[in-house]
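Asker: Sharing target.tsv (TSV, C-alpha atoms) below.
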chain	number	residue	atom	x	y	z
A	1	MET	CA	-80.89	71.33	-40.27
A	2	ASN	CA	-80.17	73.28	-43.42
A	3	PRO	CA	-78.30	71.12	-46.03
A	4	SER	CA	-75.71	73.87	-46.51
A	5	ASP	CA	-75.03	73.80	-42.75
A	6	MET	CA	-74.42	70.05	-43.00
A	7	THR	CA	-72.08	70.52	-45.96
A	8	ARG	CA	-70.15	73.27	-44.21
A	9	THR	CA	-69.87	71.26	-40.99
A	10	TYR	CA	-68.74	68.18	-42.89
A	11	ARG	CA	-66.11	70.05	-44.91
A	12	THR	CA	-64.84	71.80	-41.78
A	13	TYR	CA	-64.62	68.42	-40.05
A	14	LEU	CA	-62.66	66.89	-42.95
A	15	ALA	CA	-60.27	69.85	-43.02
A	16	ALA	CA	-59.67	69.47	-39.27
A	17	VAL	CA	-58.98	65.75	-39.68
A	18	VAL	CA	-56.50	66.35	-42.49
A	19	ARG	CA	-54.74	69.14	-40.56
A	20	PHE	CA	-54.59	66.93	-37.46
A	21	HIS	CA	-53.04	64.00	-39.31
A	22	LEU	CA	-50.48	66.22	-41.00
A	23	ALA	CA	-49.58	67.65	-37.57
A	24	ALA	CA	-49.47	64.12	-36.12
A	25	ALA	CA	-47.06	62.99	-38.83
A	26	GLU	CA	-44.86	66.01	-38.14
A	27	ALA	CA	-45.02	65.47	-34.37
A	28	GLY	CA	-43.80	61.92	-34.93
A	29	GLY	CA	-41.01	63.01	-37.26
A	30	LEU	CA	-42.73	61.25	-40.15
A	31	GLY	CA	-43.74	62.24	-43.63
A	32	PRO	CA	-47.40	61.87	-44.59
A	33	SER	CA	-46.80	58.60	-46.49
A	34	ASP	CA	-44.79	57.17	-43.60
A	35	TYR	CA	-47.54	58.13	-41.16
A	36	GLN	CA	-50.23	56.56	-43.36
A	37	ALA	CA	-48.14	53.39	-43.80
A	38	SER	CA	-47.71	53.14	-40.04
A	39	SER	CA	-51.46	53.42	-39.59
A	40	LEU	CA	-52.20	50.81	-42.27
A	41	LEU	CA	-49.68	48.38	-40.80
A	42	ASP	CA	-51.23	48.86	-37.37
A	43	LEU	CA	-54.73	48.24	-38.75
A	44	ASP	CA	-54.17	45.62	-41.45
A	45	GLY	CA	-50.67	44.22	-40.94
A	46	PRO	CA	-48.65	42.30	-41.44
A	47	LEU	CA	-48.52	43.23	-45.10
A	48	THR	CA	-46.08	42.52	-47.90
A	49	THR	CA	-44.42	45.54	-49.43
A	50	GLY	CA	-46.59	45.00	-52.52
A	51	GLN	CA	-49.79	44.96	-50.47
A	52	LEU	CA	-48.73	48.09	-48.61
A	53	ALA	CA	-47.83	49.79	-51.93
A	54	GLU	CA	-51.31	49.01	-53.26
A	55	GLN	CA	-53.01	50.44	-50.18
A	56	LEU	CA	-50.83	53.55	-50.20
A	57	GLY	CA	-51.09	54.06	-53.96
A	58	LEU	CA	-47.31	54.25	-54.23
A	59	SER	CA	-44.84	52.41	-56.44
A	60	PRO	CA	-43.10	49.39	-54.93
A	61	SER	CA	-39.77	51.24	-54.84
A	62	ALA	CA	-41.28	54.27	-53.07
A	63	THR	CA	-42.98	51.92	-50.61
A	64	THR	CA	-39.69	50.15	-49.92
A	65	ARG	CA	-38.20	53.53	-48.98
A	66	VAL	CA	-41.21	54.21	-46.69
A	67	VAL	CA	-40.71	50.82	-45.03
A	68	ASP	CA	-36.98	51.46	-44.59
A	69	ARG	CA	-37.75	54.75	-42.82
A	70	LEU	CA	-40.35	53.08	-40.56
A	71	ILE	CA	-37.86	50.36	-39.67
A	72	SER	CA	-35.19	52.98	-38.89
A	73	ALA	CA	-37.69	54.73	-36.62
A	74	GLY	CA	-38.49	51.46	-34.82
A	75	ILE	CA	-42.12	51.58	-35.97
A	76	ALA	CA	-42.02	48.56	-38.27
A	77	GLU	CA	-39.97	45.46	-38.91
A	78	ARG	CA	-39.58	42.91	-41.67
A	79	VAL	CA	-40.44	39.33	-40.74
A	80	VAL	CA	-39.87	36.22	-42.80
A	81	ASP	CA	-43.02	34.33	-43.78
A	82	SER	CA	-42.84	30.99	-41.97
A	83	ALA	CA	-44.76	29.27	-44.78
A	84	ASP	CA	-42.53	30.67	-47.55
A	85	ARG	CA	-39.12	31.86	-46.39
A	86	ARG	CA	-38.65	33.74	-49.69
A	87	ARG	CA	-41.42	36.17	-48.67
A	88	THR	CA	-41.21	38.86	-46.05
A	89	ALA	CA	-43.97	40.83	-44.46
A	90	ILE	CA	-43.88	44.18	-42.73
A	91	THR	CA	-45.34	44.36	-39.24
A	92	HIS	CA	-46.00	47.27	-36.92
A	93	THR	CA	-43.91	47.03	-33.76
A	94	GLY	CA	-46.47	48.87	-31.64
A	95	HIS	CA	-43.94	51.66	-31.08
A	96	LEU	CA	-44.92	55.23	-31.87
A	97	PRO	CA	-42.66	58.24	-31.48
A	98	THR	CA	-43.40	60.09	-28.22
A	99	GLY	CA	-44.66	63.28	-29.87
A	100	LEU	CA	-47.07	61.29	-31.98
A	101	SER	CA	-48.39	59.27	-29.04
A	102	GLU	CA	-48.98	62.43	-27.03
A	103	LEU	CA	-50.86	64.14	-29.85
A	104	LEU	CA	-53.04	61.08	-30.50
A	105	ASN	CA	-53.92	60.93	-26.82
A	106	HIS	CA	-55.23	64.52	-27.03
A	107	VAL	CA	-58.01	63.41	-29.36
A	108	ARG	CA	-58.72	59.85	-28.25
A	109	GLY	CA	-60.26	60.87	-24.93
A	110	PRO	CA	-62.62	63.60	-26.15
A	111	ILE	CA	-63.71	61.60	-29.20
A	112	GLY	CA	-64.23	58.48	-27.08
A	113	GLU	CA	-66.36	60.47	-24.64
A	114	ALA	CA	-68.44	61.98	-27.45
A	115	VAL	CA	-69.11	58.55	-28.97
A	116	ALA	CA	-69.90	57.05	-25.56
A	117	ALA	CA	-72.50	59.79	-25.03
A	118	LEU	CA	-74.40	58.76	-28.17
A	119	SER	CA	-77.39	56.44	-28.04
A	120	ASP	CA	-77.08	52.95	-29.53
A	121	ASP	CA	-79.04	54.12	-32.58
A	122	GLN	CA	-76.77	57.12	-33.02
A	123	ARG	CA	-73.65	54.93	-32.78
A	124	GLU	CA	-75.14	52.56	-35.38
A	125	GLY	CA	-75.79	55.55	-37.65
A	126	LEU	CA	-72.25	56.79	-37.14
A	127	LEU	CA	-70.86	53.34	-37.94
A	128	ALA	CA	-73.03	53.14	-41.08
A	129	TYR	CA	-71.71	56.54	-42.16
A	130	PHE	CA	-68.08	55.44	-41.59
A	131	HIS	CA	-68.60	52.30	-43.69
A	132	ALA	CA	-70.30	54.21	-46.52
A	133	ALA	CA	-67.74	57.02	-46.47
A	134	THR	CA	-64.84	54.56	-46.45
A	135	GLU	CA	-66.21	52.82	-49.53
A	136	ALA	CA	-66.95	56.12	-51.30
A	137	TYR	CA	-63.43	57.44	-50.69
A	138	ALA	CA	-61.83	54.12	-51.67
A	139	THR	CA	-63.85	53.99	-54.88
A	140	ALA	CA	-62.97	57.57	-55.78
A	141	THR	CA	-59.30	56.91	-55.05
A	142	ARG	CA	-59.26	53.84	-57.30
A	143	ALA	CA	-61.02	55.82	-60.05
A	144	SER	CA	-58.44	58.60	-59.82
A	145	ARG	CA	-55.62	56.10	-60.31
A	146	GLU	CA	-57.32	54.57	-63.37
A	147	SER	CA	-57.82	57.87	-65.17
Could you rewrite the structure in this file as structure tokens?

Answerer:
Amino acid sequence: MNPSDMTRTYRTYLAAVVRFHLAAAEAGGLGPSDYQASSLLDLDGPLTTGQLAEQLGLSPSATTRVVDRLISAGIAERVVDSADRRRTAITHTGHLPTGLSELLNHVRGPIGEAVAALSDDQREGLLAYFHAATEAYATATRASRES
């Protein structure tokens, strides 16, 4: 495969992913930050508002507003830390707006089928790529905040 074909395919893929997630946020009646916060809470929650702010790259006050909107939408809730009642954490309720659930279901099946059709070695390669890409993007994001 020609390296420029790989670059073009990769950039086209990334653009499709970004467009999809923007459409998914809109379908769920969420802003992009709210959508990303919902995803992070689902993956890594429960999180304190400070932890969520760090992951989102937002100020604590902006993150509090995101959390308030997610709570109003029934997507998240605040829970008191049983070990320290002064602390609260934000948890994902498991609820997603109907439009968002429907749109996510449109991609889960085809992507799941494509991954299932890969050999074990191909799946390991894909997983290695995801880990490396995640670290590269996280590192670049941190660097952009420090400059």

Asker: For Ala23 in chain A, please output as a list of chain:residue names all residues within 9 Å (counting only C-alpha atoms; exclusion window: fewer than 5 positions along the same chain).

Answerer: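 Final neighbour list, sorted by chain and number: A:Val18, A:Gly28, A:Leu100, A:Leu103.
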
Asker: Using 12 Å as the limit and counting all atoms listed in the file, can you tabulate each residue of range 96-136 of chain A that touches range 73-89 of chain A, with its shortest atom-to-atom distance in Å and the two atoms involved, as CSV?

Answerer:
residue,atom,partner,partner_atom,distance
A:Leu96,CA,A:Ile75,CA,6.2
A:Pro97,CA,A:Ala73,CA,8.0
A:Thr98,CA,A:Ala73,CA,11.5
A:Leu100,CA,A:Ile75,CA,11.6

Asker: Using 8 Å of padding on each side, determine the axis-aligned box around all atoms of range 82-97 of chain A present in the file and give its centre and edge lengths in Å to one decimal, as AutoDock Vina command-line options.

Answerer:
--center_x -42.6 --center_y 43.8 --center_z -40.4 --size_x 23.8 --size_y 45.0 --size_z 34.6

Asker: Give me, please, the distance in Å between CA of Leu14 in chain A and CA of Leu43 in chain A, quoted to one decimal.

Answerer: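 Distance reported for this atom pair: 20.7 Å.
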
Asker: Please compute the CA of Gly29 in chain A-CA of Gly99 in chain A distance, one decimal, in Å.

Answerer: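 CA of Gly99 in chain A lies at a distance of 8.2 Å from CA of Gly29 in chain A.
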
Asker: Distance CA of Glu26 in chain A-CA of Ser39 in chain A, one decimal place?

Answerer: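 Separating CA of Glu26 in chain A from CA of Ser39 in chain A is a distance of 14.3 Å.
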
Asker: Check the smallest atom-to-atom distance from each of A:Ala24, A:Ala140, A:Leu41, A:Ile90 to Thr64 in chain A using all atoms listed in the file, then report the winner.

Answerer: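 Among the listed residues, A:Ile90 lies closest to Thr64 in chain A.
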
Asker: Give me, as a list in words, all polymer residues having an atom no more than 10 Å from Gln51 in chain A, counting only C-alpha atoms and skipping those fewer than 5 positions away in the same chain.

Answerer: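 Contacts, in chain order: Gly45, Pro46, Leu56, Gly57, Pro60, Thr63, Ala89 and Ile90 of chain A.
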
Asker: Can I get range 5-17 of chain A with N, CA and C atoms filled in, as a CSV table (one decimal), in the frame of the given file?

Answerer:
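The new file out.csv reads:
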chain,number,residue,atom,x,y,z
A,5,ASP,N,-75.7,73.9,-44.1
A,5,ASP,CA,-75.0,73.8,-42.8
A,5,ASP,C,-74.3,72.5,-42.6
A,6,MET,N,-75.0,71.4,-43.1
A,6,MET,CA,-74.4,70.0,-43.0
A,6,MET,C,-73.2,70.0,-43.9
A,7,THR,N,-73.2,70.5,-45.1
A,7,THR,CA,-72.1,70.5,-46.0
A,7,THR,C,-70.9,71.3,-45.4
A,8,ARG,N,-71.2,72.5,-44.8
A,8,ARG,CA,-70.2,73.3,-44.2
A,8,ARG,C,-69.5,72.5,-43.0
A,9,THR,N,-70.4,72.0,-42.2
A,9,THR,CA,-69.9,71.3,-41.0
A,9,THR,C,-69.0,70.1,-41.4
A,10,TYR,N,-69.5,69.4,-42.4
A,10,TYR,CA,-68.7,68.2,-42.9
A,10,TYR,C,-67.4,68.6,-43.5
A,11,ARG,N,-67.4,69.6,-44.3
A,11,ARG,CA,-66.1,70.0,-44.9
A,11,ARG,C,-65.2,70.6,-43.9
A,12,THR,N,-65.7,71.3,-42.9
A,12,THR,CA,-64.8,71.8,-41.8
A,12,THR,C,-64.3,70.6,-41.0
A,13,TYR,N,-65.1,69.6,-40.7
A,13,TYR,CA,-64.6,68.4,-40.0
A,13,TYR,C,-63.5,67.8,-40.8
A,14,LEU,N,-63.7,67.5,-42.1
A,14,LEU,CA,-62.7,66.9,-43.0
A,14,LEU,C,-61.4,67.7,-42.9
A,15,ALA,N,-61.5,69.0,-43.0
A,15,ALA,CA,-60.3,69.8,-43.0
A,15,ALA,C,-59.5,69.7,-41.7
A,16,ALA,N,-60.3,69.6,-40.6
A,16,ALA,CA,-59.7,69.5,-39.3
A,16,ALA,C,-59.0,68.1,-39.2
A,17,VAL,N,-59.6,67.1,-39.7
A,17,VAL,CA,-59.0,65.8,-39.7
A,17,VAL,C,-57.7,65.7,-40.5
